[in-house]
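*Asks:* I'd like to ask some things about the structure below.
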Amino acid sequence: MAIRVGTQENLEHLVALFKQFFPVHNQFQQPDRDIVDYLHEQLQDNELLVSETKGIYDGALFLVKIGESSDSTHKIRKFRHFAFTTESIGKELLQEAEKSVQAQSPTSKIELTIAETEPGKDFYLKHGYQQEATLPHHYRWGETCFILGKSFS
């Protein structure tokens with residue numbers, strides 16, 4: 001398995017992964033071409049990390065900058081569309097993403113929003129993330145989303 005920064009050329013290969021991981025997601029229920037266009041938009045402003053094993057894309061996530069202190073010593077990042085095929089791949093991708101975030105400033109925080117219908121909440125909790133808030137009716141009526149976070153110093 002190799003984890004690296006993703007490029008435009010990787011986007012078409014990620015569609016199946018995202019559709020499989022997020023079966024109830026507004027973006028990933030669209031036609032493949034629309035998903036690639038959406039991923040391209042995400043890539044314009046956000047870092048993409050991909051995991052590939054023997055030519056198969058088995059993990060990916062976007063690292064999104066959502067804030068920082070005025071002196072840039074504390075930065076807040078968000079994971080967007082963190083998908084993986086196995087927990088071990090997810091763990092390695094998570095560790096790589098956390099290293100990337102920690103290298104950007106002396107202190108940092110990662111936040112993410114996860115819908116109750118999406119897989120992964122227990123995965124994050126197992127890896128040191130804490131549930132910080134709940135958002136009723138956030139993405140879809142009747143569905144709760146959770147804000148999870150982890151801080152680094």
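Within each chain, counting starts at residue 1; across the structure tokens, chains are named A, B, ... in the order shown, with ligands numbered 1 upward in that order.
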At a cut-off of 10 Å, using only C-alpha atoms, what residues contact Ala83 of chain A? Leave out same-chain residues fewer than 5 positions from it and give the result as a list of chain:residue names.
*Replies:* A:Leu14, A:Leu17, A:Phe18, A:Lys19, A:Gln20, A:Phe21, A:Phe22, A:Val50, A:Ser51, A:Asp58, A:Gly59, A:Ala60, A:Leu61, A:Phe62, A:Ile89, A:Gly90, A:Leu93, A:Pro119, A:Gly120
*Asks:* Just write the chosen residues, N, CA and C atoms, as a PDB file, in the first residue's frame.
*Replies:*
ATOM      1  N   LEU A  14     -11.395   7.186  -8.067  1.00  0.00           N
ATOM      2  CA  LEU A  14     -11.939   7.276  -6.706  1.00  0.00           C
ATOM      3  C   LEU A  14     -13.462   7.203  -6.662  1.00  0.00           C
ATOM      4  N   LEU A  17     -14.893   3.989  -5.099  1.00  0.00           N
ATOM      5  CA  LEU A  17     -14.606   3.950  -3.659  1.00  0.00           C
ATOM      6  C   LEU A  17     -15.591   4.824  -2.895  1.00  0.00           C
ATOM      7  N   PHE A  18     -15.780   6.065  -3.332  1.00  0.00           N
ATOM      8  CA  PHE A  18     -16.679   6.980  -2.631  1.00  0.00           C
ATOM      9  C   PHE A  18     -18.130   6.506  -2.706  1.00  0.00           C
ATOM     10  N   LYS A  19     -18.553   6.006  -3.855  1.00  0.00           N
ATOM     11  CA  LYS A  19     -19.934   5.521  -3.982  1.00  0.00           C
ATOM     12  C   LYS A  19     -20.189   4.324  -3.061  1.00  0.00           C
ATOM     13  N   GLN A  20     -19.201   3.452  -2.943  1.00  0.00           N
ATOM     14  CA  GLN A  20     -19.358   2.284  -2.086  1.00  0.00           C
ATOM     15  C   GLN A  20     -19.350   2.681  -0.611  1.00  0.00           C
ATOM     16  N   PHE A  21     -18.458   3.582  -0.225  1.00  0.00           N
ATOM     17  CA  PHE A  21     -18.314   3.949   1.179  1.00  0.00           C
ATOM     18  C   PHE A  21     -19.461   4.833   1.660  1.00  0.00           C
ATOM     19  N   PHE A  22     -19.990   5.666   0.770  1.00  0.00           N
ATOM     20  CA  PHE A  22     -21.050   6.607   1.136  1.00  0.00           C
ATOM     21  C   PHE A  22     -22.326   6.329   0.328  1.00  0.00           C
ATOM     22  N   VAL A  50      -4.444   9.856  -1.093  1.00  0.00           N
ATOM     23  CA  VAL A  50      -4.990   8.602  -1.617  1.00  0.00           C
ATOM     24  C   VAL A  50      -4.127   7.433  -1.165  1.00  0.00           C
ATOM     25  N   SER A  51      -4.772   6.309  -1.016  1.00  0.00           N
ATOM     26  CA  SER A  51      -4.092   5.053  -0.733  1.00  0.00           C
ATOM     27  C   SER A  51      -4.344   4.130  -1.921  1.00  0.00           C
ATOM     28  N   ASP A  58      -7.841   2.280  -2.590  1.00  0.00           N
ATOM     29  CA  ASP A  58      -8.552   1.687  -1.453  1.00  0.00           C
ATOM     30  C   ASP A  58      -8.712   2.636  -0.270  1.00  0.00           C
ATOM     31  N   GLY A  59      -8.393   3.910  -0.462  1.00  0.00           N
ATOM     32  CA  GLY A  59      -8.599   4.905   0.571  1.00  0.00           C
ATOM     33  C   GLY A  59      -8.358   6.296   0.022  1.00  0.00           C
ATOM     34  N   ALA A  60      -9.086   7.266   0.559  1.00  0.00           N
ATOM     35  CA  ALA A  60      -8.906   8.656   0.124  1.00  0.00           C
ATOM     36  C   ALA A  60      -9.570   9.592   1.111  1.00  0.00           C
ATOM     37  N   LEU A  61      -9.064  10.817   1.145  1.00  0.00           N
ATOM     38  CA  LEU A  61      -9.692  11.881   1.925  1.00  0.00           C
ATOM     39  C   LEU A  61      -9.172  13.222   1.471  1.00  0.00           C
ATOM     40  N   PHE A  62      -9.981  14.238   1.670  1.00  0.00           N
ATOM     41  CA  PHE A  62      -9.558  15.609   1.442  1.00  0.00           C
ATOM     42  C   PHE A  62      -9.275  16.250   2.793  1.00  0.00           C
ATOM     43  N   ILE A  89      -6.366  -0.069   6.363  1.00  0.00           N
ATOM     44  CA  ILE A  89      -6.064   0.988   5.397  1.00  0.00           C
ATOM     45  C   ILE A  89      -6.520   2.333   5.958  1.00  0.00           C
ATOM     46  N   GLY A  90      -7.706   2.359   6.548  1.00  0.00           N
ATOM     47  CA  GLY A  90      -8.199   3.585   7.162  1.00  0.00           C
ATOM     48  C   GLY A  90      -7.267   4.095   8.237  1.00  0.00           C
ATOM     49  N   LEU A  93      -4.117   5.609   6.610  1.00  0.00           N
ATOM     50  CA  LEU A  93      -4.455   6.877   5.974  1.00  0.00           C
ATOM     51  C   LEU A  93      -4.710   7.948   7.031  1.00  0.00           C
ATOM     52  N   PRO A 119     -20.643   5.257   7.639  1.00  0.00           N
ATOM     53  CA  PRO A 119     -19.764   4.423   8.464  1.00  0.00           C
ATOM     54  C   PRO A 119     -18.615   5.258   9.022  1.00  0.00           C
ATOM     55  N   GLY A 120     -18.041   4.808  10.109  1.00  0.00           N
ATOM     56  CA  GLY A 120     -16.805   5.423  10.563  1.00  0.00           C
ATOM     57  C   GLY A 120     -16.809   6.069  11.930  1.00  0.00           C
TER      58      GLY A 120
END
*Asks:* Would you mind reading off the distance between atom CA of Phe152 of chain A and atom CA of Arg80 of chain A, one decimal, in Å?
*Replies:*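 Result for atom CA of Phe152 of chain A versus atom CA of Arg80 of chain A: 18.8 Å, one decimal.
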*Asks:* Can you work out the spacing between atom CA of Glu92 of chain A and atom CA of Phe28 of chain A in Å, to one decimal?
*Replies:*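 According to the coordinates, atom CA of Glu92 of chain A and atom CA of Phe28 of chain A are separated by 23.8 Å.
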*Asks:* Enumerate the residues of segment 5-149 of chain A with a DSSP assignment of alpha helix (DSSP H), computed from the backbone, and present them as a PyMOL selection string.
*Replies:* chain A and resi 11-21+32-45+87-102+121-126
*Asks:* Taking only C-alpha atoms into account, which of A:Gln8, A:Ser88, A:Thr53, A:Gln102 comes nearest Thr73 of chain A?
*Replies:* A:Gln102
*Asks:* List the spatial neighbours of Glu52 of chain A as an MDAnalysis selection string - criterion: any atom at most 9 Å away, only C-alpha atoms, same-chain residues fewer than 3 positions off excluded.
*Replies:* chainID A and resid 1:4 55:60
*Asks:* I need the chosen residues saved as a compact mmCIF listing (two decimals), in the first residue's frame, with N, CA and C atoms.
*Replies:*
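Saved to out-v1.txt:
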# COMPACT_ATOMS: atom_id res chain seq x y z
N MET A 1 0.84 -1.17 0.00
CA MET A 1 0.00 0.00 0.00
C MET A 1 0.89 1.24 0.00
N ALA A 2 0.50 2.21 -0.82
CA ALA A 2 1.22 3.48 -0.86
C ALA A 2 0.23 4.61 -0.62
N ILE A 3 0.57 5.49 0.29
CA ILE A 3 -0.23 6.68 0.55
C ILE A 3 0.54 7.86 0.00
N ARG A 4 -0.15 8.68 -0.79
CA ARG A 4 0.51 9.82 -1.41
C ARG A 4 -0.52 10.93 -1.64
N GLY A 55 -2.52 -1.12 -7.66
CA GLY A 55 -3.34 -0.47 -8.69
C GLY A 55 -4.78 -0.21 -8.30
N ILE A 56 -5.18 -0.59 -7.10
CA ILE A 56 -6.54 -0.37 -6.64
C ILE A 56 -6.55 0.78 -5.63
N TYR A 57 -7.41 1.76 -5.85
CA TYR A 57 -7.56 2.87 -4.91
C TYR A 57 -8.44 2.40 -3.77
N ASP A 58 -7.84 2.28 -2.59
CA ASP A 58 -8.55 1.69 -1.45
C ASP A 58 -8.71 2.64 -0.27
N GLY A 59 -8.39 3.91 -0.46
CA GLY A 59 -8.60 4.91 0.57
C GLY A 59 -8.36 6.30 0.02
N ALA A 60 -9.09 7.27 0.56
CA ALA A 60 -8.91 8.66 0.12
C ALA A 60 -9.57 9.59 1.11
